[in-house]
file data-v2.pdb (PDB, C-alpha atoms)
ATOM      1  CA  MET A   1       0.000   0.000   0.000
ATOM      2  CA  GLY A   2       1.394   3.409  -0.964
ATOM      3  CA  SER A   3       1.595   6.303   1.447
ATOM      4  CA  LYS A   4      -1.244   8.039  -0.394
ATOM      5  CA  ASP A   5      -3.533   5.040   0.034
ATOM      6  CA  LEU A   6      -2.496   4.783   3.674
ATOM      7  CA  LEU A   7      -3.367   8.410   4.228
ATOM      8  CA  GLU A   8      -6.723   8.229   2.448
ATOM      9  CA  ASP A   9      -7.702   5.087   4.340
ATOM     10  CA  PHE A  10      -6.848   6.815   7.602
ATOM     11  CA  VAL A  11      -8.971   9.838   6.684
ATOM     12  CA  LYS A  12     -11.871   7.588   5.700
ATOM     13  CA  GLU A  13     -11.733   5.649   8.973
ATOM     14  CA  ALA A  14     -11.463   8.865  10.969
ATOM     15  CA  LEU A  15     -14.515  10.287   9.189
ATOM     16  CA  VAL A  16     -16.444   7.068   9.845
ATOM     17  CA  ALA A  17     -15.433   7.379  13.529
ATOM     18  CA  GLY A  18     -17.070  10.822  13.551
ATOM     19  CA  GLN A  19     -13.968  13.020  13.537
ATOM     20  CA  GLY A  20     -14.103  16.402  11.866
ATOM     21  CA  LYS A  21     -11.816  17.289   8.969
ATOM     22  CA  ASP A  22      -9.980  19.943  10.986
ATOM     23  CA  ASP A  23      -9.169  17.475  13.740
ATOM     24  CA  ILE A  24      -7.982  14.931  11.197
ATOM     25  CA  ALA A  25      -5.750  17.555   9.591
ATOM     26  CA  VAL A  26      -4.204  18.455  12.949
ATOM     27  CA  ALA A  27      -3.549  14.785  13.741
ATOM     28  CA  LEU A  28      -1.878  14.270  10.370
ATOM     29  CA  ALA A  29       0.222  17.409  10.742
ATOM     30  CA  ASP A  30       1.376  16.192  14.132
ATOM     31  CA  ALA A  31       2.410  12.939  12.506
ATOM     32  CA  GLY A  32       4.613  14.835  10.051
ATOM     33  CA  TRP A  33       2.561  14.847   6.825
ATOM     34  CA  SER A  34       2.972  17.910   4.661
ATOM     35  CA  GLU A  35       0.206  20.438   4.149
ATOM     36  CA  THR A  36      -0.300  19.400   0.518
ATOM     37  CA  GLU A  37      -0.520  15.722   1.421
ATOM     38  CA  ILE A  38      -3.007  16.461   4.198
ATOM     39  CA  HIS A  39      -5.090  18.693   1.934
ATOM     40  CA  ASP A  40      -5.224  16.078  -0.833
ATOM     41  CA  ALA A  41      -6.089  13.250   1.569
ATOM     42  CA  VAL A  42      -8.797  15.162   3.492
ATOM     43  CA  ASP A  43     -10.319  16.433   0.247
ATOM     44  CA  SER A  44     -10.561  12.870  -1.076
ATOM     45  CA  TRP A  45     -13.708  12.332   0.991
ATOM     46  CA  THR A  46     -16.814  14.241   1.874
ATOM     47  CA  GLY A  47     -17.735  14.194   5.544
ATOM     48  CA  ALA A  48     -19.767  11.201   6.697
ATOM     49  CA  GLU A  49     -23.503  11.786   6.946
ATOM     50  CA  PRO A  50     -25.621   9.776   9.378
ATOM     51  CA  GLY A  51     -26.235   6.366   7.869
ATOM     52  CA  MET A  52     -23.888   7.091   4.970
ATOM     53  CA  PRO A  53     -20.175   6.288   4.795
ATOM     54  CA  PRO A  54     -17.759   8.990   3.585
ATOM     55  CA  VAL A  55     -18.284   9.593  -0.117
ATOM     56  CA  PRO A  56     -15.123   9.581  -2.211
ATOM     57  CA  HIS A  57     -14.474  12.537  -4.466
ATOM     58  CA  PRO A  58     -13.764  11.740  -8.128
ATOM     59  CA  ARG A  59     -10.198  10.604  -8.757
ATOM     60  CA  PRO A  60      -7.942  10.321 -11.760
ATOM     61  CA  TYR A  61      -8.253   7.023 -13.602
ATOM     62  CA  VAL A  62      -6.320   4.987 -16.162
ATOM     63  CA  SER A  63      -7.852   3.203 -19.138
ATOM     64  CA  ALA A  64      -6.429   1.301 -22.082
ATOM     65  CA  ARG A  65      -8.876   3.023 -24.400
ATOM     66  CA  ASP A  66      -7.517   6.410 -23.368
ATOM     67  CA  ALA A  67      -3.982   5.191 -23.983
ATOM     68  CA  ILE A  68      -4.883   4.526 -27.623
ATOM     69  CA  LEU A  69      -6.822   7.756 -28.067
ATOM     70  CA  TYR A  70      -4.410  10.119 -26.367
ATOM     71  CA  GLY A  71      -1.398   8.169 -27.622
ATOM     72  CA  LEU A  72      -2.579   8.627 -31.192
ATOM     73  CA  LEU A  73      -3.259  12.304 -30.562
ATOM     74  CA  PHE A  74       0.226  12.712 -29.082
ATOM     75  CA  ILE A  75       1.869  10.909 -31.991
ATOM     76  CA  SER A  76      -0.130  12.778 -34.628
ATOM     77  CA  LEU A  77       0.733  16.138 -33.067
ATOM     78  CA  ALA A  78       4.413  15.154 -32.841
ATOM     79  CA  VAL A  79       4.417  14.007 -36.471
ATOM     80  CA  LEU A  80       2.732  17.240 -37.569
ATOM     81  CA  CYS A  81       5.281  19.361 -35.717
ATOM     82  CA  TRP A  82       8.247  17.419 -37.048
ATOM     83  CA  HIS A  83       7.140  17.520 -40.675
ATOM     84  CA  ILE A  84       5.915  21.127 -40.531
ATOM     85  CA  ASN A  85       9.492  22.008 -39.638
ATOM     86  CA  GLN A  86      11.011  19.657 -42.206
ATOM     87  CA  LEU A  87       8.887  21.199 -44.927
ATOM     88  CA  GLY A  88       9.343  24.704 -43.588
ATOM     89  CA  PHE A  89      13.124  24.306 -43.581
ATOM     90  CA  GLY A  90      13.033  23.106 -47.179
ATOM     91  CA  ILE A  91      10.857  26.012 -48.252
ATOM     92  CA  ILE A  92      13.124  28.500 -46.461
ATOM     93  CA  ASP A  93      16.187  26.922 -48.092
ATOM     94  CA  HIS A  94      14.477  27.346 -51.451
ATOM     95  CA  LEU A  95      13.429  30.947 -50.882
ATOM     96  CA  VAL A  96      16.482  32.307 -49.096
ATOM     97  CA  GLU A  97      19.843  31.928 -50.784
ATOM     98  CA  ASP A  98      22.822  31.220 -48.554
ATOM     99  CA  VAL A  99      26.224  31.226 -50.204
ATOM    100  CA  ALA A 100      27.637  29.149 -47.342
ATOM    101  CA  ASP A 101      25.107  26.354 -47.807
ATOM    102  CA  ARG A 102      24.199  25.214 -51.288
ATOM    103  CA  THR A 103      22.316  22.035 -50.431
ATOM    104  CA  ARG A 104      19.042  22.194 -52.346
ATOM    105  CA  GLY A 105      17.723  18.643 -52.346
ATOM    106  CA  SER A 106      13.963  18.511 -52.227
ATOM    107  CA  SER A 107      13.011  14.851 -52.452
ATOM    108  CA  TYR A 108      12.692  14.550 -48.659
ATOM    109  CA  LEU A 109      10.060  17.284 -48.768
ATOM    110  CA  ARG A 110       7.784  14.965 -50.707
ATOM    111  CA  TRP A 111       7.913  12.461 -47.868
ATOM    112  CA  SER A 112       6.914  15.187 -45.409
ATOM    113  CA  ILE A 113       3.955  16.172 -47.608
ATOM    114  CA  ALA A 114       2.956  12.515 -47.910
ATOM    115  CA  VAL A 115       3.066  12.097 -44.126
ATOM    116  CA  LEU A 116       1.082  15.264 -43.434
ATOM    117  CA  VAL A 117      -1.731  14.265 -45.797
ATOM    118  CA  PRO A 118      -3.105  11.544 -43.474
ATOM    119  CA  PHE A 119      -1.843  12.914 -40.159
ATOM    120  CA  LEU A 120      -3.477  16.348 -40.326
ATOM    121  CA  PRO A 121      -7.018  14.927 -40.673
ATOM    122  CA  LEU A 122      -6.207  12.308 -38.040
ATOM    123  CA  PHE A 123      -5.144  15.008 -35.597
ATOM    124  CA  LEU A 124      -8.241  17.117 -36.269
ATOM    125  CA  VAL A 125     -10.598  14.147 -35.968
ATOM    126  CA  LEU A 126      -9.022  12.983 -32.699
ATOM    127  CA  ASP A 127      -9.073  16.484 -31.263
ATOM    128  CA  ARG A 128     -12.741  16.862 -32.191
ATOM    129  CA  ARG A 129     -13.592  13.471 -30.761
ATOM    130  CA  ILE A 130     -11.844  14.169 -27.467
ATOM    131  CA  TYR A 131     -13.509  17.570 -27.297
ATOM    132  CA  ARG A 132     -16.954  15.997 -27.709
ATOM    133  CA  GLN A 133     -16.249  13.227 -25.221
ATOM    134  CA  THR A 134     -15.012  15.547 -22.511
ATOM    135  CA  ARG A 135     -17.929  17.921 -23.120
ATOM    136  CA  GLU A 136     -20.475  15.119 -22.789
ATOM    137  CA  ASP A 137     -18.658  13.460 -19.888
ATOM    138  CA  PRO A 138     -16.445  15.880 -17.933
ATOM    139  CA  GLY A 139     -15.229  12.909 -15.865
ATOM    140  CA  GLN A 140     -12.982  11.998 -18.789
ATOM    141  CA  ARG A 141     -10.892  15.047 -18.045
ATOM    142  CA  ARG A 142      -9.550  13.173 -15.033
ATOM    143  CA  SER A 143      -7.821  10.645 -17.244
ATOM    144  CA  LEU A 144      -4.285  10.089 -15.985
ATOM    145  CA  VAL A 145      -3.212   8.986 -19.452
ATOM    146  CA  ARG A 146      -4.383  12.318 -20.812
ATOM    147  CA  ARG A 147      -2.355  14.178 -18.199
ATOM    148  CA  TRP A 148       0.727  12.067 -18.809
ATOM    149  CA  PHE A 149       0.678  12.625 -22.529
ATOM    150  CA  ALA A 150       0.028  16.328 -21.989
ATOM    151  CA  SER A 151       2.967  16.488 -19.566
ATOM    152  CA  ILE A 152       5.325  14.686 -21.942
ATOM    153  CA  THR A 153       4.267  16.912 -24.820
ATOM    154  CA  LEU A 154       4.768  20.054 -22.765
ATOM    155  CA  LEU A 155       8.174  18.809 -21.647
ATOM    156  CA  LEU A 156       9.228  18.162 -25.254
ATOM    157  CA  ALA A 157       7.872  21.531 -26.384
ATOM    158  CA  VAL A 158       9.772  23.368 -23.662
ATOM    159  CA  LEU A 159      12.956  21.430 -24.491
ATOM    160  CA  ALA A 160      12.513  22.276 -28.176
ATOM    161  CA  LEU A 161      12.106  25.962 -27.358
ATOM    162  CA  LEU A 162      15.159  25.922 -25.101
ATOM    163  CA  GLY A 163      17.181  24.117 -27.760
ATOM    164  CA  ASP A 164      15.982  26.579 -30.377
ATOM    165  CA  PHE A 165      17.010  29.512 -28.236
ATOM    166  CA  SER A 166      20.418  27.963 -27.443
ATOM    167  CA  ALA A 167      21.014  27.231 -31.124
ATOM    168  CA  SER A 168      20.184  30.842 -31.967
ATOM    169  CA  VAL A 169      22.611  32.172 -29.355
ATOM    170  CA  TYR A 170      25.285  29.782 -30.600
ATOM    171  CA  ALA A 171      24.667  30.832 -34.198
ATOM    172  CA  ALA A 172      24.948  34.480 -33.205
ATOM    173  CA  LEU A 173      28.233  33.834 -31.408
ATOM    174  CA  SER A 174      29.576  31.809 -34.330
ATOM    175  CA  GLY A 175      28.614  34.332 -36.990
ATOM    176  CA  GLU A 176      26.016  31.990 -38.490
ATOM    177  CA  LEU A 177      22.936  34.011 -37.694
ATOM    178  CA  THR A 178      21.813  34.367 -41.289
ATOM    179  CA  LEU A 179      18.321  35.264 -42.471
ATOM    180  CA  ARG A 180      17.833  31.620 -43.346
ATOM    181  CA  PHE A 181      18.760  30.553 -39.820
ATOM    182  CA  ILE A 182      16.553  33.200 -38.213
ATOM    183  CA  LEU A 183      13.521  32.104 -40.231
ATOM    184  CA  LYS A 184      14.108  28.475 -39.295
ATOM    185  CA  ALA A 185      14.523  29.336 -35.622
ATOM    186  CA  LEU A 186      11.301  31.354 -35.778
ATOM    187  CA  LEU A 187       9.442  28.432 -37.317
ATOM    188  CA  VAL A 188      10.621  26.098 -34.547
ATOM    189  CA  ALA A 189       9.617  28.672 -31.934
ATOM    190  CA  ILE A 190       6.157  29.144 -33.464
ATOM    191  CA  THR A 191       5.596  25.390 -33.573
ATOM    192  CA  GLY A 192       6.737  24.980 -29.969
ATOM    193  CA  LEU A 193       4.520  27.827 -28.776
ATOM    194  CA  LEU A 194       1.510  26.375 -30.599
ATOM    195  CA  VAL A 195       2.042  23.054 -28.832
ATOM    196  CA  LEU A 196       2.353  24.856 -25.506
ATOM    197  CA  GLY A 197      -0.869  26.730 -26.290
ATOM    198  CA  TYR A 198      -2.625  23.521 -27.260
ATOM    199  CA  TYR A 199      -1.836  21.746 -24.004
ATOM    200  CA  ARG A 200      -1.929  24.793 -21.736
ATOM    201  CA  GLY A 201      -3.932  24.071 -18.626
ATOM    202  CA  GLU A 202      -4.145  20.323 -19.247
ATOM    203  CA  ILE A 203      -2.011  19.389 -16.278
ATOM    204  CA  ASN A 204      -3.839  21.596 -13.832
ATOM    205  CA  ASP A 205      -7.326  20.399 -14.821
TER
ATOM    206  CA  MET B 206      -8.643  20.652 -26.241
ATOM    207  CA  ILE B 207     -11.848  21.737 -24.636
ATOM    208  CA  GLU B 208     -11.916  25.454 -23.963
ATOM    209  CA  PRO B 209     -13.085  27.646 -26.859
ATOM    210  CA  ARG B 210     -10.099  29.910 -26.315
ATOM    211  CA  ARG B 211      -7.899  27.093 -27.567
ATOM    212  CA  ASN B 212      -9.803  26.764 -30.820
ATOM    213  CA  TRP B 213      -7.491  29.275 -32.436
ATOM    214  CA  VAL B 214      -4.537  27.010 -31.642
ATOM    215  CA  ILE B 215      -6.153  24.148 -33.566
ATOM    216  CA  TRP B 216      -6.784  26.423 -36.504
ATOM    217  CA  ALA B 217      -3.240  27.782 -36.313
ATOM    218  CA  ILE B 218      -1.749  24.268 -36.333
ATOM    219  CA  ALA B 219      -4.005  23.237 -39.224
ATOM    220  CA  GLY B 220      -3.246  26.454 -41.107
ATOM    221  CA  LEU B 221       0.504  26.143 -40.622
ATOM    222  CA  THR B 222       0.377  22.531 -41.775
ATOM    223  CA  LEU B 223      -1.603  23.381 -44.896
ATOM    224  CA  ALA B 224       0.630  26.352 -45.667
ATOM    225  CA  THR B 225       3.790  24.236 -45.466
ATOM    226  CA  MET B 226       2.161  21.519 -47.586
ATOM    227  CA  VAL B 227       1.256  24.021 -50.303
ATOM    228  CA  GLY B 228       4.711  25.591 -50.066
ATOM    229  CA  GLY B 229       6.288  22.138 -50.257
ATOM    230  CA  LEU B 230       4.265  21.304 -53.353
ATOM    231  CA  ILE B 231       5.376  24.538 -54.997
ATOM    232  CA  VAL B 232       9.036  23.905 -54.101
ATOM    233  CA  THR B 233       9.045  20.258 -55.173
ATOM    234  CA  GLY B 234       6.975  20.962 -58.268
ATOM    235  CA  GLY B 235       4.279  18.378 -57.678
ATOM    236  CA  PRO B 236       3.842  14.956 -59.320
ATOM    237  CA  GLY B 237       4.874  16.118 -62.803
ATOM    238  CA  GLN B 238       8.235  17.311 -61.556
ATOM    239  CA  GLY B 239       8.613  14.081 -59.572
ATOM    240  CA  ARG B 240       8.097  11.992 -62.701
ATOM    241  CA  LYS B 241      10.706  14.048 -64.588
ATOM    242  CA  GLU B 242      13.204  13.594 -61.748
ATOM    243  CA  ARG B 243      12.482   9.879 -61.698
ATOM    244  CA  ARG B 244      13.085   9.532 -65.458
ATOM    245  CA  ASP B 245      16.281  11.595 -65.247
ATOM    246  CA  HIS B 246      17.446   9.369 -62.410
ATOM    247  CA  VAL B 247      17.006   6.317 -64.646
ATOM    248  CA  ARG B 248      19.044   8.063 -67.375
ATOM    249  CA  LEU B 249      21.785   8.834 -64.878
ATOM    250  CA  ASN B 250      21.886   5.205 -63.813
ATOM    251  CA  ASP B 251      22.147   4.201 -67.466
ATOM    252  CA  LEU B 252      25.112   6.555 -67.970
ATOM    253  CA  ALA B 253      26.727   5.108 -64.854
ATOM    254  CA  ALA B 254      26.326   1.611 -66.310
ATOM    255  CA  LEU B 255      27.810   2.798 -69.632
ATOM    256  CA  PHE B 256      30.698   4.322 -67.679
ATOM    257  CA  ASP B 257      31.399   0.979 -65.977
ATOM    258  CA  GLN B 258      31.203  -0.872 -69.273
ATOM    259  CA  ALA B 259      33.554   1.609 -70.973
ATOM    260  CA  ARG B 260      36.098   1.213 -68.198
ATOM    261  CA  CYS B 261      35.837  -2.569 -68.341
ATOM    262  CA  ILE B 262      36.342  -2.643 -72.110
ATOM    263  CA  GLY B 263      39.176  -0.125 -71.902
ATOM    264  CA  ALA B 264      40.961  -2.179 -69.240
ATOM    265  CA  SER B 265      40.440  -5.573 -70.844
ATOM    266  CA  GLU B 266      40.716  -4.738 -74.553
ATOM    267  CA  GLN B 267      42.602  -1.411 -74.533
ATOM    268  CA  ARG B 268      40.135   0.186 -76.891
ATOM    269  CA  ASN B 269      38.044   3.325 -76.835
ATOM    270  CA  ASP B 270      36.000   3.231 -80.015
ATOM    271  CA  GLY B 271      32.613   4.017 -78.508
ATOM    272  CA  ASP B 272      31.273   0.484 -78.895
ATOM    273  CA  LEU B 273      30.002  -0.499 -75.468
ATOM    274  CA  SER B 274      28.077  -3.635 -76.348
ATOM    275  CA  ALA B 275      28.755  -6.765 -74.306
ATOM    276  CA  THR B 276      32.008  -8.654 -74.879
ATOM    277  CA  ALA B 277      33.407 -11.891 -73.527
ATOM    278  CA  GLN B 278      35.358 -10.079 -70.795
ATOM    279  CA  CYS B 279      32.652  -7.501 -70.139
ATOM    280  CA  PRO B 280      29.361  -9.387 -70.447
ATOM    281  CA  ASP B 281      27.170  -6.670 -68.962
ATOM    282  CA  GLU B 282      24.640  -5.238 -71.360
ATOM    283  CA  PRO B 283      24.089  -1.611 -70.438
ATOM    284  CA  ARG B 284      21.079   0.103 -71.951
ATOM    285  CA  LEU B 285      22.222   2.002 -75.039
ATOM    286  CA  ALA B 286      19.079   4.065 -75.578
ATOM    287  CA  ASP B 287      16.787   6.201 -73.467
ATOM    288  CA  PRO B 288      14.000   3.837 -72.296
ATOM    289  CA  TYR B 289      11.412   6.636 -72.353
ATOM    290  CA  THR B 290      12.170   8.234 -75.742
ATOM    291  CA  ASP B 291      14.107   5.426 -77.468
ATOM    292  CA  GLU B 292      16.682   8.073 -78.369
ATOM    293  CA  PRO B 293      20.124   6.396 -78.392
ATOM    294  CA  TYR B 294      22.555   7.707 -75.792
ATOM    295  CA  ARG B 295      25.395   9.585 -77.448
ATOM    296  CA  ILE B 296      28.729   7.803 -76.919
ATOM    297  CA  GLU B 297      31.690   9.640 -78.467
ATOM    298  CA  PRO B 298      35.394   8.934 -78.054
ATOM    299  CA  VAL B 299      37.239  12.109 -77.134
ATOM    300  CA  GLU B 300      40.998  12.227 -77.562
ATOM    301  CA  ASP B 301      42.894   9.158 -76.476
ATOM    302  CA  ARG B 302      41.400   7.887 -73.275
ATOM    303  CA  HIS B 303      38.326   9.966 -72.811
ATOM    304  CA  LEU B 304      34.746   9.211 -73.685
ATOM    305  CA  ARG B 305      31.755  11.526 -73.812
ATOM    306  CA  LEU B 306      28.433  10.074 -72.655
ATOM    307  CA  CYS B 307      25.283  12.081 -73.301
ATOM    308  CA  ALA B 308      21.614  11.703 -72.463
ATOM    309  CA  ILE B 309      18.767  14.118 -73.008
ATOM    310  CA  PHE B 310      17.724  15.070 -69.485
ATOM    311  CA  GLU B 311      14.393  16.726 -68.877
ATOM    312  CA  LEU B 312      15.642  18.864 -66.011
ATOM    313  CA  PRO B 313      18.675  21.151 -65.976
ATOM    314  CA  ALA B 314      21.596  20.385 -63.697
ATOM    315  CA  ASP B 315      21.831  22.353 -60.471
ATOM    316  CA  GLY B 316      24.316  25.071 -61.394
ATOM    317  CA  ASP B 317      27.805  23.846 -62.167
ATOM    318  CA  ARG B 318      27.544  20.842 -59.888
ATOM    319  CA  PRO B 319      27.628  17.298 -61.304
ATOM    320  CA  ARG B 320      24.350  15.481 -61.467
ATOM    321  CA  TYR B 321      23.859  13.506 -58.285
ATOM    322  CA  GLY B 322      24.183   9.752 -58.807
ATOM    323  CA  GLY B 323      25.773   9.969 -62.249
ATOM    324  CA  PRO B 324      29.227   8.827 -63.342
ATOM    325  CA  HIS B 325      32.261  10.746 -62.167
ATOM    326  CA  GLY B 326      33.721  13.012 -64.817
ATOM    327  CA  GLU B 327      33.529  16.479 -66.274
ATOM    328  CA  TRP B 328      29.881  17.417 -66.640
ATOM    329  CA  ASP B 329      28.704  19.905 -69.204
ATOM    330  CA  GLY B 330      24.967  20.174 -69.623
ATOM    331  CA  HIS B 331      23.611  16.821 -70.749
ATOM    332  CA  CYS B 332      27.035  15.208 -71.219
ATOM    333  CA  VAL B 333      29.827  13.906 -69.088
ATOM    334  CA  VAL B 334      33.382  13.270 -70.233
ATOM    335  CA  ILE B 335      34.892  10.294 -68.454
ATOM    336  CA  GLN B 336      38.465   9.125 -68.333
ATOM    337  CA  LEU B 337      39.368   5.516 -69.139
ATOM    338  CA  LYS B 338      42.369   3.832 -67.529
ATOM    339  CA  TYR B 339      44.350   1.296 -69.485
ATOM    340  CA  ASP B 340      47.923   0.732 -70.669
TER
END

call {"tool": "encode", "arguments": {"input": "data-v2.pdb", "output": "structure tokens"}}
result
Amino acid sequence: MGSKDLLEDFVKEALVAGQGKDDIAVALADAGWSETEIHDAVDSWTGAEPGMPPVPHPRPYVSARDAILYGLLFISLAVLCWHINQLGFGIIDHLVEDVADRTRGSSYLRWSIAVLVPFLPLFLVLDRRIYRQTREDPGQRRSLVRRWFASITLLLAVLALLGDFSASVYAALSGELTLRFILKALLVAITGLLVLGYYRGEIND
Amino acid sequence: MIEPRRNWVIWAIAGLTLATMVGGLIVTGGPGQGRKERRDHVRLNDLAALFDQARCIGASEQRNDGDLSATAQCPDEPRLADPYTDEPYRIEPVEDRHLRLCAIFELPADGDRPRYGGPHGEWDGHCVVIQLKYD
């Protein structure tokens, strides 16, 4: 049994025994639990009514179905971001001449277009589906899988933005901050910020 | 994914994706350009095979007369004509140990750089001059 379960069981038994939430919180604080842990544990239950045991508050849950749904959404968003940048880099290379870099191959751009053709509709359909599901059943917003994928995506987006910024500083220091580089760095930043905007607030729901 | 305020993010992601796809199509030239590149790639491979055959014949028979058909020592049978137009590839001896191989490509070369995947030599437009090594 984890410490969280231990704590919640204790709170439940104390409520059944007729103790008030304030008294339970004091007892837990005396035992050395942190304020956050006490708050979470006490808030897990409503106070016991006569003839009714303590009622648990809704909790996060895990489901295999969510893993598929949110996993696909995560992958489709990642694929979109990757290939938006691949294509964008190719377009920038084509539009902006750089005497120091004459690579002009474009065959890889076709692969990016081919990948985006199915993944953009997939992303939009999944997003719409999840939107409808969570609107009809707000309980689905407590999905742990959803929060995990949102957290991983946010982490990757922040890392991408940090890497983008570091690369820009390095390019500036190395004399490589060309117009072509700036446009590419901007594209990466825009993509990263869009992902941050998409998942903003997910973790705190 | 649920608040209306995030709707604009969805549209922005979709818009950026579509914009890059359209831009990519313009840059790559679409299916027609792809087919031209594919056909030119086949022609380059054919010139590379002719280059190998010319070197084999030069090394084994010490000749450079432009005849690259299969021999006993060099049994490969490289394609001697463009498979899409049936136009024969131009094979011309140049000086002593040099051979010019030409194909009619549909796309121009990228600046003064050799065509990627073709035989090594001095490229000039649709032709490449290769050097043969024999005693």

call {"tool": "interface_residues", "arguments": {"input": "data-v2.pdb", "of": "chain B", "to": "chain A", "cutoff": "8 Å", "atoms": "all atoms listed in the file", "output": "list in words"}}
result
Met206, Ile207, Arg211, Val214, Ile215, Ala217, Ile218, Ala219, Leu221, Thr222, Thr225, Met226, Gly228, Gly229, Leu230, Val232 and Thr233 of chain B

call {"tool": "closest_residue", "arguments": {"input": "data-v2.pdb", "among": "B:His246, B:Arg260, B:His303, B:Arg240", "to": "B:Arg320", "atoms": "all atoms listed in the file"}}
result
B:His246

call {"tool": "atom_distance", "arguments": {"input": "data-v2.pdb", "atom1": "atom CA of A:Leu154", "atom2": "atom CA of A:Gly192"}}
result
8.9 Å

call {"tool": "atom_distance", "arguments": {"input": "data-v2.pdb", "atom1": "atom CA of B:Ala224", "atom2": "atom CA of A:Leu126"}}
result
21.0 Å

call {"tool": "atom_distance", "arguments": {"input": "data-v2.pdb", "atom1": "atom CA of B:Pro298", "atom2": "atom CA of B:Leu273"}}
result
11.2 Å

call {"tool": "residues_near_point", "arguments": {"input": "data-v2.pdb", "point": "(40.5, -4.1, -68.3)", "cutoff": "9 Å", "atoms": "only C-alpha atoms", "output": "VMD selection string"}}
result
chain B and resid 260 to 267 278 to 279 338 to 339

call {"tool": "residues_near_point", "arguments": {"input": "data-v2.pdb", "point": "(29.6, 17.1, -66.3)", "cutoff": "12 Å", "atoms": "only C-alpha atoms", "output": "PyMOL selection string"}}
result
chain B and resi 249+252+304-308+313-335

call {"tool": "closest_residue", "arguments": {"input": "data-v2.pdb", "among": "A:Trp111, A:Trp82, A:Phe149, A:Phe10", "to": "A:Ala67", "atoms": "all atoms listed in the file"}}
result
A:Phe149

call {"tool": "resolve_selection", "arguments": {"input": "data-v2.pdb", "expression": "the PyMOL selection byres ((chain A and resi 167) around 12)", "output": "JSON, numbers by chain"}}
result
{"A": [159, 160, 161, 162, 163, 164, 165, 166, 168, 169, 170, 171, 172, 173, 174, 175, 176, 177, 181, 182, 184, 185, 186, 188, 189]}

call {"tool": "resolve_selection", "arguments": {"input": "data-v2.pdb", "expression": "the PyMOL selection byres ((chain A and resi 38-45) around 9)", "output": "list in words"}}
result
Lys4, Asp5, Leu7, Glu8, Asp9, Phe10, Val11, Lys12, Leu15, Lys21, Asp22, Ile24, Ala25, Leu28, Ala29, Trp33, Ser34, Glu35, Thr36, Glu37, Thr46, Gly47, Ala48, Pro54, Val55, Pro56, His57, Pro58 and Arg59 of chain A

call {"tool": "axis_aligned_box", "arguments": {"input": "data-v2.pdb", "around": "stretch 125-131 of chain A", "padding_each_side": "3 Å", "output": "AutoDock Vina command-line options"}}
result
--center_x -11.3 --center_y 15.3 --center_z -31.6 --size_x 10.6 --size_y 10.6 --size_z 14.7

call {"tool": "resolve_selection", "arguments": {"input": "data-v2.pdb", "expression": "the PyMOL selection byres ((chain A and resi 60) around 12)", "output": "list in words"}}
result
Ser44, Pro56, His57, Pro58, Arg59, Tyr61, Val62, Ser63, Pro138, Gly139, Gln140, Arg141, Arg142, Ser143, Leu144, Val145, Arg146, Arg147, Trp148, Ile203 and Asp205 of chain A

call {"tool": "build_atoms", "arguments": {"input": "data-v2.pdb", "residues": "stretch 239-249 of chain B", "atoms": "N, CA and C atoms", "output": "PDB file, keeping the file's coordinate frame"}}
result
ATOM      1  N   GLY B 239       8.112  15.342 -60.140  1.00  0.00           N
ATOM      2  CA  GLY B 239       8.613  14.081 -59.572  1.00  0.00           C
ATOM      3  C   GLY B 239       8.849  13.044 -60.660  1.00  0.00           C
ATOM      4  N   ARG B 240       7.919  12.970 -61.614  1.00  0.00           N
ATOM      5  CA  ARG B 240       8.097  11.992 -62.701  1.00  0.00           C
ATOM      6  C   ARG B 240       9.310  12.337 -63.559  1.00  0.00           C
ATOM      7  N   LYS B 241       9.519  13.638 -63.812  1.00  0.00           N
ATOM      8  CA  LYS B 241      10.706  14.048 -64.588  1.00  0.00           C
ATOM      9  C   LYS B 241      11.983  13.663 -63.850  1.00  0.00           C
ATOM     10  N   GLU B 242      12.008  13.936 -62.538  1.00  0.00           N
ATOM     11  CA  GLU B 242      13.204  13.594 -61.748  1.00  0.00           C
ATOM     12  C   GLU B 242      13.462  12.096 -61.787  1.00  0.00           C
ATOM     13  N   ARG B 243      12.364  11.338 -61.691  1.00  0.00           N
ATOM     14  CA  ARG B 243      12.482   9.879 -61.698  1.00  0.00           C
ATOM     15  C   ARG B 243      13.076   9.400 -63.033  1.00  0.00           C
ATOM     16  N   ARG B 244      12.582   9.945 -64.146  1.00  0.00           N
ATOM     17  CA  ARG B 244      13.085   9.532 -65.458  1.00  0.00           C
ATOM     18  C   ARG B 244      14.554   9.945 -65.625  1.00  0.00           C
ATOM     19  N   ASP B 245      14.885  11.149 -65.158  1.00  0.00           N
ATOM     20  CA  ASP B 245      16.281  11.595 -65.247  1.00  0.00           C
ATOM     21  C   ASP B 245      17.193  10.708 -64.398  1.00  0.00           C
ATOM     22  N   HIS B 246      16.653  10.244 -63.273  1.00  0.00           N
ATOM     23  CA  HIS B 246      17.446   9.369 -62.410  1.00  0.00           C
ATOM     24  C   HIS B 246      17.762   8.050 -63.134  1.00  0.00           C
ATOM     25  N   VAL B 247      16.778   7.542 -63.863  1.00  0.00           N
ATOM     26  CA  VAL B 247      17.006   6.317 -64.646  1.00  0.00           C
ATOM     27  C   VAL B 247      18.088   6.573 -65.697  1.00  0.00           C
ATOM     28  N   ARG B 248      18.033   7.723 -66.350  1.00  0.00           N
ATOM     29  CA  ARG B 248      19.044   8.063 -67.375  1.00  0.00           C
ATOM     30  C   ARG B 248      20.440   8.159 -66.751  1.00  0.00           C
ATOM     31  N   LEU B 249      20.490   8.737 -65.561  1.00  0.00           N
ATOM     32  CA  LEU B 249      21.785   8.834 -64.878  1.00  0.00           C
ATOM     33  C   LEU B 249      22.345   7.450 -64.560  1.00  0.00           C
TER      34      LEU B 249
END
